[in-house]
file upload12.txt (compact mmCIF, C-alpha atoms)
# COMPACT_ATOMS: atom_id res chain seq x y z
CA MET A 1 2.11 -50.36 31.17
CA GLN A 2 -1.50 -49.69 30.31
CA THR A 3 -2.09 -46.59 28.22
CA LYS A 4 -4.45 -44.08 29.77
CA GLN A 5 -7.74 -43.40 28.03
CA ARG A 6 -7.99 -40.02 26.39
CA LEU A 7 -10.68 -37.82 27.93
CA ILE A 8 -11.87 -34.74 26.02
CA VAL A 9 -13.54 -32.07 28.15
CA ASP A 10 -15.43 -29.07 26.75
CA MET A 11 -15.03 -25.64 28.33
CA ASP A 12 -18.11 -23.40 27.94
CA GLY A 13 -21.09 -24.94 29.72
CA VAL A 14 -19.00 -27.75 31.21
CA LEU A 15 -16.13 -26.02 33.03
CA ALA A 16 -17.09 -22.36 32.54
CA ASP A 17 -20.48 -21.10 33.67
CA VAL A 18 -21.35 -18.94 30.65
CA TYR A 19 -25.05 -18.72 31.59
CA SER A 20 -24.13 -16.73 34.69
CA GLN A 21 -22.29 -14.31 32.44
CA PHE A 22 -25.20 -14.00 29.98
CA LEU A 23 -27.72 -13.41 32.76
CA LYS A 24 -25.49 -10.88 34.49
CA MET A 25 -24.74 -8.88 31.34
CA GLU A 26 -28.37 -8.92 30.27
CA GLU A 27 -29.43 -7.68 33.69
CA GLU A 28 -26.83 -4.90 33.49
CA GLU A 29 -28.15 -3.89 30.06
CA PHE A 30 -31.92 -4.21 30.57
CA GLY A 31 -32.35 -4.26 34.33
CA ILE A 32 -34.20 -7.57 34.26
CA ARG A 33 -32.92 -11.01 35.14
CA GLN A 34 -34.54 -13.78 33.11
CA PRO A 35 -36.03 -16.58 35.20
CA ARG A 36 -34.40 -19.97 34.66
CA GLU A 37 -37.63 -21.43 33.21
CA ASN A 38 -37.26 -19.16 30.16
CA LEU A 39 -33.96 -20.79 29.26
CA LEU A 40 -34.93 -24.44 29.29
CA GLY A 41 -34.72 -26.36 26.03
CA ARG A 42 -33.98 -23.27 23.94
CA PRO A 43 -30.65 -22.31 22.29
CA GLU A 44 -28.64 -19.55 23.96
CA SER A 45 -28.88 -17.48 20.79
CA GLU A 46 -32.67 -17.49 21.13
CA VAL A 47 -33.01 -16.67 24.80
CA PHE A 48 -30.27 -14.03 24.96
CA LYS A 49 -31.08 -11.47 22.27
CA HIS A 50 -27.60 -9.93 22.47
CA GLU A 51 -25.71 -13.21 22.86
CA ARG A 52 -23.17 -12.43 20.15
CA LYS A 53 -22.45 -9.00 21.55
CA TYR A 54 -21.88 -10.42 25.03
CA VAL A 55 -19.45 -13.16 23.96
CA ALA A 56 -17.49 -10.57 21.97
CA THR A 57 -17.23 -8.31 25.03
CA LYS A 58 -13.87 -8.07 26.80
CA GLY A 59 -13.98 -10.11 29.99
CA PHE A 60 -16.89 -12.36 29.05
CA PHE A 61 -14.76 -15.52 29.04
CA ARG A 62 -12.01 -14.27 31.35
CA ASN A 63 -14.43 -13.59 34.21
CA ALA A 64 -16.79 -16.54 33.84
CA PRO A 65 -17.32 -18.44 37.11
CA VAL A 66 -16.18 -22.06 37.28
CA ILE A 67 -18.97 -24.63 37.27
CA ASP A 68 -19.46 -26.26 40.68
CA GLY A 69 -17.05 -29.06 41.41
CA ALA A 70 -15.15 -28.76 38.13
CA VAL A 71 -11.73 -27.93 39.56
CA ALA A 72 -11.59 -30.79 42.05
CA ALA A 73 -13.03 -33.22 39.49
CA ILE A 74 -10.58 -32.28 36.74
CA LYS A 75 -7.70 -32.60 39.22
CA GLU A 76 -8.72 -36.18 39.98
CA LEU A 77 -9.50 -37.11 36.39
CA ASN A 78 -6.19 -35.65 35.23
CA ASP A 79 -4.38 -38.35 37.21
CA LYS A 80 -6.33 -41.23 35.75
CA TYR A 81 -6.86 -40.04 32.17
CA ASP A 82 -4.93 -38.49 29.31
CA LEU A 83 -6.97 -35.34 29.64
CA PHE A 84 -7.51 -32.56 27.10
CA ILE A 85 -9.61 -29.39 27.32
CA VAL A 86 -11.06 -28.69 23.87
CA SER A 87 -12.92 -25.44 23.28
CA ALA A 88 -14.57 -23.90 20.24
CA ALA A 89 -12.91 -20.48 20.40
CA MET A 90 -12.01 -19.53 16.87
CA GLU A 91 -15.13 -17.50 16.05
CA PHE A 92 -14.29 -14.82 18.61
CA PRO A 93 -10.60 -13.84 18.46
CA LEU A 94 -10.69 -12.08 21.83
CA SER A 95 -11.75 -15.31 23.47
CA LEU A 96 -8.45 -17.04 22.62
CA PRO A 97 -6.14 -15.30 25.12
CA GLU A 98 -9.01 -14.92 27.63
CA LYS A 99 -9.73 -18.64 27.62
CA LEU A 100 -6.05 -19.49 27.96
CA GLU A 101 -5.65 -17.14 30.94
CA TRP A 102 -8.82 -18.51 32.51
CA LEU A 103 -7.59 -22.11 32.23
CA LYS A 104 -4.19 -21.19 33.68
CA GLU A 105 -5.83 -19.41 36.62
CA HIS A 106 -8.40 -22.02 37.57
CA PHE A 107 -6.62 -25.22 36.49
CA PRO A 108 -2.96 -24.50 37.28
CA PHE A 109 -2.17 -28.24 37.50
CA LEU A 110 -2.88 -28.65 33.76
CA THR A 111 -0.29 -27.66 31.16
CA TRP A 112 -0.64 -25.89 27.80
CA HIS A 113 0.01 -29.22 26.08
CA GLN A 114 -3.51 -30.20 27.20
CA PHE A 115 -5.40 -27.29 25.64
CA VAL A 116 -6.98 -27.17 22.18
CA PHE A 117 -8.88 -24.22 20.69
CA CYS A 118 -10.69 -25.00 17.48
CA GLY A 119 -13.54 -24.07 15.21
CA SER A 120 -14.94 -27.55 14.65
CA LYS A 121 -14.49 -30.50 17.02
CA THR A 122 -14.93 -33.07 14.25
CA ILE A 123 -11.13 -33.20 14.02
CA ILE A 124 -10.62 -34.39 17.60
CA LYS A 125 -9.87 -38.00 18.44
CA GLY A 126 -10.13 -39.58 21.86
CA ASP A 127 -11.90 -42.23 23.93
CA ILE A 128 -14.36 -40.19 26.00
CA MET A 129 -15.95 -36.77 25.38
CA ILE A 130 -17.89 -34.59 27.83
CA ASP A 131 -19.73 -31.72 26.12
CA ASP A 132 -23.02 -29.85 26.38
CA HIS A 133 -23.66 -29.69 22.61
CA PHE A 134 -24.98 -32.42 20.34
CA LYS A 135 -23.11 -30.87 17.39
CA ASN A 136 -19.85 -31.85 19.10
CA LEU A 137 -20.82 -35.20 20.58
CA ASP A 138 -22.55 -36.49 17.44
CA TYR A 139 -19.27 -36.60 15.47
CA PHE A 140 -17.18 -38.21 18.19
CA THR A 141 -16.36 -41.88 17.76
CA GLY A 142 -15.73 -42.67 21.44
CA LYS A 143 -18.01 -42.73 24.49
CA THR A 144 -20.03 -39.53 24.85
CA TYR A 145 -21.50 -37.71 27.87
CA LEU A 146 -23.98 -34.85 27.46
CA PHE A 147 -23.49 -32.33 30.25
CA THR A 148 -26.87 -30.87 31.19
CA GLN A 149 -27.23 -27.16 30.51
CA PRO A 150 -30.45 -25.15 30.12
CA HIS A 151 -30.22 -25.23 26.29
CA ASN A 152 -30.11 -29.04 26.11
CA TYR A 153 -32.69 -29.58 28.86
CA ASN A 154 -35.30 -32.15 27.79
CA GLN A 155 -33.66 -32.44 24.36
CA ASP A 156 -33.83 -35.83 22.70
CA ASN A 157 -30.79 -37.82 23.66
CA LYS A 158 -30.57 -41.38 22.38
CA HIS A 159 -26.85 -41.66 21.76
CA HIS A 160 -25.21 -39.87 24.65
CA THR A 161 -25.22 -40.52 28.38
CA ARG A 162 -26.62 -37.51 30.19
CA VAL A 163 -24.70 -36.21 33.22
CA SER A 164 -25.80 -33.26 35.32
CA SER A 165 -22.92 -32.52 37.68
CA TRP A 166 -19.21 -33.13 38.12
CA GLU A 167 -20.05 -35.30 41.11
CA GLU A 168 -22.06 -37.56 38.83
CA ILE A 169 -19.21 -37.69 36.30
CA LEU A 170 -16.72 -38.72 38.97
CA GLY A 171 -19.07 -41.49 40.04
CA ILE A 172 -18.92 -42.88 36.51
CA LEU A 173 -15.33 -42.22 35.45
CA LEU A 174 -13.36 -42.92 38.61
CA MET B 175 -21.43 -38.66 -2.63
CA GLN B 176 -17.85 -39.43 -1.85
CA THR B 177 -16.54 -37.91 1.37
CA LYS B 178 -13.51 -35.70 1.00
CA GLN B 179 -10.27 -36.80 2.60
CA ARG B 180 -9.25 -34.73 5.59
CA LEU B 181 -5.98 -32.88 5.05
CA ILE B 182 -4.14 -31.44 8.08
CA VAL B 183 -1.68 -28.65 7.29
CA ASP B 184 0.84 -27.23 9.76
CA MET B 185 1.47 -23.49 9.97
CA ASP B 186 5.01 -22.58 11.12
CA GLY B 187 7.59 -23.85 8.64
CA VAL B 188 4.92 -25.04 6.20
CA LEU B 189 2.74 -21.97 5.55
CA ALA B 190 4.60 -19.33 7.59
CA ASP B 191 8.27 -18.64 6.94
CA VAL B 192 9.49 -18.42 10.54
CA TYR B 193 13.16 -18.80 9.56
CA SER B 194 13.02 -15.45 7.79
CA GLN B 195 11.72 -13.92 11.01
CA PHE B 196 14.44 -15.55 13.14
CA LEU B 197 17.23 -14.46 10.78
CA LYS B 198 15.88 -10.93 10.54
CA MET B 199 15.45 -10.45 14.29
CA GLU B 200 18.85 -11.93 15.01
CA GLU B 201 20.44 -9.60 12.47
CA GLU B 202 18.66 -6.65 14.07
CA GLU B 203 19.97 -7.70 17.49
CA PHE B 204 23.55 -8.74 16.66
CA GLY B 205 24.21 -7.18 13.26
CA ILE B 206 25.11 -10.53 11.72
CA ARG B 207 23.00 -12.73 9.45
CA GLN B 208 23.69 -16.43 9.89
CA PRO B 209 24.52 -18.25 6.67
CA ARG B 210 22.03 -20.94 5.70
CA GLU B 211 24.65 -23.71 6.13
CA ASN B 212 24.68 -23.06 9.88
CA LEU B 213 21.01 -23.98 10.14
CA LEU B 214 20.98 -27.33 8.41
CA GLY B 215 20.05 -30.39 10.43
CA ARG B 216 20.01 -28.50 13.75
CA PRO B 217 16.97 -27.57 15.86
CA GLU B 218 15.89 -23.92 15.75
CA SER B 219 16.44 -23.67 19.51
CA GLU B 220 20.11 -24.55 18.95
CA VAL B 221 20.90 -22.26 16.04
CA PHE B 222 18.96 -19.22 17.27
CA LYS B 223 20.23 -18.47 20.78
CA HIS B 224 17.31 -16.14 21.51
CA GLU B 225 14.65 -18.24 19.79
CA ARG B 226 12.25 -18.14 22.73
CA LYS B 227 12.58 -14.39 23.10
CA TYR B 228 11.87 -13.87 19.39
CA VAL B 229 8.73 -16.05 19.25
CA ALA B 230 7.40 -14.23 22.32
CA THR B 231 7.95 -10.84 20.63
CA LYS B 232 4.90 -8.94 19.39
CA GLY B 233 4.67 -9.24 15.61
CA PHE B 234 6.82 -12.37 15.24
CA PHE B 235 3.94 -14.49 13.94
CA ARG B 236 1.78 -11.65 12.64
CA ASN B 237 4.48 -10.41 10.25
CA ALA B 238 5.94 -13.72 9.09
CA PRO B 239 6.18 -13.99 5.29
CA VAL B 240 4.13 -16.69 3.58
CA ILE B 241 6.13 -19.62 2.22
CA ASP B 242 6.40 -19.58 -1.58
CA GLY B 243 3.38 -20.99 -3.35
CA ALA B 244 1.42 -21.73 -0.17
CA VAL B 245 -1.58 -19.47 -0.83
CA ALA B 246 -2.30 -20.73 -4.35
CA ALA B 247 -1.72 -24.34 -3.28
CA ILE B 248 -4.02 -24.14 -0.24
CA LYS B 249 -6.70 -22.53 -2.40
CA GLU B 250 -6.62 -25.49 -4.79
CA LEU B 251 -6.35 -28.12 -2.05
CA ASN B 252 -9.23 -26.53 -0.15
CA ASP B 253 -11.55 -27.43 -3.03
CA LYS B 254 -10.53 -31.07 -3.16
CA TYR B 255 -9.95 -31.82 0.53
CA ASP B 256 -11.59 -31.30 3.90
CA LEU B 257 -8.75 -29.00 4.91
CA PHE B 258 -7.68 -27.94 8.40
CA ILE B 259 -4.81 -25.71 9.50
CA VAL B 260 -3.45 -27.06 12.80
CA SER B 261 -0.85 -25.06 14.67
CA ALA B 262 0.94 -25.55 17.97
CA ALA B 263 0.27 -22.14 19.47
CA MET B 264 -0.56 -22.70 23.12
CA GLU B 265 2.94 -22.17 24.57
CA PHE B 266 2.99 -18.51 23.57
CA PRO B 267 -0.31 -16.76 24.38
CA LEU B 268 0.45 -13.76 22.19
CA SER B 269 0.73 -16.05 19.18
CA LEU B 270 -2.95 -17.01 19.37
CA PRO B 271 -4.55 -13.77 18.09
CA GLU B 272 -1.54 -13.09 15.83
CA LYS B 273 -1.83 -16.45 14.11
CA LEU B 274 -5.57 -16.05 13.66
CA GLU B 275 -5.13 -12.59 12.10
CA TRP B 276 -2.34 -13.88 9.87
CA LEU B 277 -4.50 -16.74 8.59
CA LYS B 278 -7.43 -14.40 7.91
CA GLU B 279 -5.20 -11.98 6.00
CA HIS B 280 -3.33 -14.46 3.81
CA PHE B 281 -5.96 -17.20 3.44
CA PRO B 282 -9.25 -15.25 3.31
CA PHE B 283 -10.97 -18.13 1.46
CA LEU B 284 -10.65 -20.36 4.54
CA THR B 285 -13.07 -20.02 7.48
CA TRP B 286 -12.48 -20.12 11.24
CA HIS B 287 -14.09 -23.56 11.29
CA GLN B 288 -10.90 -24.83 9.63
CA PHE B 289 -8.41 -23.56 12.22
CA VAL B 290 -7.09 -25.45 15.24
CA PHE B 291 -4.58 -24.13 17.79
CA CYS B 292 -3.25 -26.73 20.16
CA GLY B 293 -0.40 -27.72 22.41
CA SER B 294 -0.02 -31.31 21.25
CA LYS B 295 -1.10 -32.62 17.83
CA THR B 296 -1.53 -36.18 19.10
CA ILE B 297 -5.23 -35.39 19.48
CA ILE B 298 -5.81 -34.62 15.79
CA LYS B 299 -7.44 -37.12 13.46
CA GLY B 300 -7.37 -36.99 9.68
CA ASP B 301 -6.24 -38.77 6.52
CA ILE B 302 -3.18 -36.75 5.46
CA MET B 303 -0.80 -34.55 7.46
CA ILE B 304 1.81 -32.09 6.15
CA ASP B 305 4.23 -30.93 8.85
CA ASP B 306 7.91 -30.09 9.27
CA HIS B 307 8.31 -31.83 12.65
CA PHE B 308 8.72 -35.53 13.33
CA LYS B 309 7.12 -35.06 16.76
CA ASN B 310 3.84 -34.25 15.02
CA LEU B 311 3.99 -36.69 12.11
CA ASP B 312 5.11 -39.67 14.22
CA TYR B 313 1.79 -39.79 16.13
CA PHE B 314 -0.48 -39.36 13.11
CA THR B 315 -2.26 -42.47 11.88
CA GLY B 316 -2.82 -41.30 8.27
CA LYS B 317 -0.43 -40.58 5.40
CA THR B 318 2.38 -38.21 6.42
CA TYR B 319 4.46 -35.68 4.48
CA LEU B 320 7.57 -34.10 5.97
CA PHE B 321 7.96 -30.55 4.68
CA THR B 322 11.67 -29.80 4.28
CA GLN B 323 12.95 -27.05 6.54
CA PRO B 324 16.54 -26.38 7.62
CA HIS B 325 16.04 -28.12 11.00
CA ASN B 326 14.94 -31.41 9.43
CA TYR B 327 17.46 -31.31 6.57
CA ASN B 328 19.20 -34.67 6.21
CA GLN B 329 17.32 -36.03 9.21
CA ASP B 330 16.47 -39.70 9.15
CA ASN B 331 13.09 -40.15 7.58
CA LYS B 332 11.84 -43.70 7.13
CA HIS B 333 8.15 -43.24 7.75
CA HIS B 334 7.24 -39.95 6.12
CA THR B 335 7.34 -38.82 2.49
CA ARG B 336 9.60 -35.80 2.19
CA VAL B 337 8.30 -32.83 0.20
CA SER B 338 10.28 -29.66 -0.40
CA SER B 339 7.86 -27.21 -1.98
CA TRP B 340 4.17 -26.53 -2.40
CA GLU B 341 4.59 -27.22 -6.12
CA GLU B 342 5.78 -30.72 -5.25
CA ILE B 343 2.84 -31.24 -2.87
CA LEU B 344 0.33 -30.22 -5.55
CA GLY B 345 1.95 -32.72 -7.94
CA ILE B 346 1.20 -35.46 -5.40
CA LEU B 347 -2.15 -34.44 -3.92
CA LEU B 348 -4.03 -33.08 -6.94

call {"tool": "encode", "arguments": {"input": "upload12.txt", "output": "structure tokens"}}
result
Amino acid sequence: MQTKQRLIVDMDGVLADVYSQFLKMEEEEFGIRQPRENLLGRPESEVFKHERKYVATKGFFRNAPVIDGAVAAIKELNDKYDLFIVSAAMEFPLSLPEKLEWLKEHFPFLTWHQFVFCGSKTIIKGDIMIDDHFKNLDYFTGKTYLFTQPHNYNQDNKHHTRVSSWEEILGILL
Amino acid sequence: MQTKQRLIVDMDGVLADVYSQFLKMEEEEFGIRQPRENLLGRPESEVFKHERKYVATKGFFRNAPVIDGAVAAIKELNDKYDLFIVSAAMEFPLSLPEKLEWLKEHFPFLTWHQFVFCGSKTIIKGDIMIDDHFKNLDYFTGKTYLFTQPHNYNQDNKHHTRVSSWEEILGILL
């Protein structure tokens, strides 16, 4: 029997569409929706002045939309790989139960054995990692895929393979 | 500069005295406190009939006493090692915020970057692991220490070094 490869999938910006939440909450607060061009290549903390307030708001993570194609893709990948969802959640205590409920709602075919909430991802071992942040991918010893999000748009990317949709990921990993 | 070794420390049964909580809640429910001899070498799920109800009860993790010597030992080890607290918490959603609050209260010198809550510990990489369960130690590729608890008392233990107190651990690791 061949052992399955271990696939590590990030949550915010890869499964959960946190930009939609930021834009929506900012519009509710200031009445203006930022155009997408403002967001490109700049950290979330820079483009959303109240970023930390929003992520600490009840419902921010619980009500985030799922990124297009993520559910169907994870369902397929879960059959072929030893799949884990690994999310940096420790900074915002409220996010812990919200993220767990969100995963259970949208990915009911996964089990709690497959979820990891951490502060730093440097402790995670596996064969393949999909993440939208260099700070996570740079420490990983396996194959790394950078999931395109506005903040990493046009960012230098020598070491990681850029992917821009779940359809593209399936084309590579299946 | 020499890189610090990464030390992975379990929570329940290593830092948090969950047996005290089980015995107390059982006594409150049935009016009888089990003698320690009943617990030796038998899984918690076998000796505490309502184990799953107790761990799902509000306050079970939040109010657990700290195991003797753990705070002072972790403080010292945190200086010498790249220390992480890794706890299986995903099965019981309520335990997530309770465990985080408990860690912040009793180990205020640690930061959220050092905490990991997971379902399975097979995903964790490091150099040294201290845990009271074979199911966690058996998958770890570094040096392993089995922390004595009633459930693992007299259990076969060929691959892991048994330790029975934080004083003993400090004697080895410092």

call {"tool": "residues_around", "arguments": {"input": "upload12.txt", "residues": "Glu168 (chain A)", "least_positions_apart": "4", "cutoff": "12 Å", "atoms": "only C-alpha atoms", "output": "mmCIF file with C-alpha atoms, in the frame of the given file"}}
result
data_model
loop_
_atom_site.group_PDB
_atom_site.id
_atom_site.type_symbol
_atom_site.label_atom_id
_atom_site.label_comp_id
_atom_site.auth_asym_id
_atom_site.auth_seq_id
_atom_site.Cartn_x
_atom_site.Cartn_y
_atom_site.Cartn_z
ATOM 1 C CA ASP A 68 -19.460 -26.260 40.680
ATOM 2 C CA GLY A 69 -17.050 -29.060 41.410
ATOM 3 C CA ALA A 70 -15.150 -28.760 38.130
ATOM 4 C CA ALA A 73 -13.030 -33.220 39.490
ATOM 5 C CA TYR A 145 -21.500 -37.710 27.870
ATOM 6 C CA LEU A 146 -23.980 -34.850 27.460
ATOM 7 C CA PHE A 147 -23.490 -32.330 30.250
ATOM 8 C CA THR A 148 -26.870 -30.870 31.190
ATOM 9 C CA THR A 161 -25.220 -40.520 28.380
ATOM 10 C CA ARG A 162 -26.620 -37.510 30.190
ATOM 11 C CA VAL A 163 -24.700 -36.210 33.220
ATOM 12 C CA SER A 164 -25.800 -33.260 35.320
ATOM 13 C CA ILE A 172 -18.920 -42.880 36.510
ATOM 14 C CA LEU A 173 -15.330 -42.220 35.450
ATOM 15 C CA LEU A 174 -13.360 -42.920 38.610
#

call {"tool": "residues_around", "arguments": {"input": "upload12.txt", "residues": "Pro217 (chain B)", "least_positions_apart": "5", "cutoff": "10 Å", "atoms": "all atoms listed in the file", "output": "list in words"}}
result
Phe222, Pro324, His325 and Asn326 of chain B

call {"tool": "residues_near_point", "arguments": {"input": "upload12.txt", "point": "(-8.2, -25.7, 37.6)", "cutoff": "10 Å", "atoms": "all atoms listed in the file", "output": "PDB file with C-alpha atoms, in the frame of the given file"}}
result
ATOM      1  CA  LEU A  15     -16.130 -26.020  33.030  1.00  0.00           C
ATOM      2  CA  VAL A  66     -16.180 -22.060  37.280  1.00  0.00           C
ATOM      3  CA  ALA A  70     -15.150 -28.760  38.130  1.00  0.00           C
ATOM      4  CA  VAL A  71     -11.730 -27.930  39.560  1.00  0.00           C
ATOM      5  CA  ALA A  72     -11.590 -30.790  42.050  1.00  0.00           C
ATOM      6  CA  ALA A  73     -13.030 -33.220  39.490  1.00  0.00           C
ATOM      7  CA  ILE A  74     -10.580 -32.280  36.740  1.00  0.00           C
ATOM      8  CA  LYS A  75      -7.700 -32.600  39.220  1.00  0.00           C
ATOM      9  CA  TRP A 102      -8.820 -18.510  32.510  1.00  0.00           C
ATOM     10  CA  LEU A 103      -7.590 -22.110  32.230  1.00  0.00           C
ATOM     11  CA  LYS A 104      -4.190 -21.190  33.680  1.00  0.00           C
ATOM     12  CA  GLU A 105      -5.830 -19.410  36.620  1.00  0.00           C
ATOM     13  CA  HIS A 106      -8.400 -22.020  37.570  1.00  0.00           C
ATOM     14  CA  PHE A 107      -6.620 -25.220  36.490  1.00  0.00           C
ATOM     15  CA  PRO A 108      -2.960 -24.500  37.280  1.00  0.00           C
ATOM     16  CA  PHE A 109      -2.170 -28.240  37.500  1.00  0.00           C
ATOM     17  CA  LEU A 110      -2.880 -28.650  33.760  1.00  0.00           C
TER      18      LEU A 110
END

call {"tool": "interface_residues", "arguments": {"input": "upload12.txt", "of": "chain A", "to": "chain B", "cutoff": "8 Å", "atoms": "all atoms listed in the file", "output": "MDAnalysis selection string"}}
result
chainID A and resid 90:91 93:94 96:97 100 112:120 123:126

call {"tool": "atom_distance", "arguments": {"input": "upload12.txt", "atom1": "CA of Val229 (chain B)", "atom2": "CA of Lys99 (chain A)"}}
result
20.4 Å

call {"tool": "atom_distance", "arguments": {"input": "upload12.txt", "atom1": "CA of Arg236 (chain B)", "atom2": "CA of Gly187 (chain B)"}}
result
14.1 Å

call {"tool": "atom_distance", "arguments": {"input": "upload12.txt", "atom1": "CA of Lys49 (chain A)", "atom2": "CA of Asp156 (chain A)"}}
result
24.5 Å

call {"tool": "residues_around", "arguments": {"input": "upload12.txt", "residues": "Met25 (chain A)", "least_positions_apart": "6", "cutoff": "12 Å", "atoms": "all atoms listed in the file", "output": "PyMOL selection string"}}
result
chain A and resi 18-19+31-34+48-60+63-64
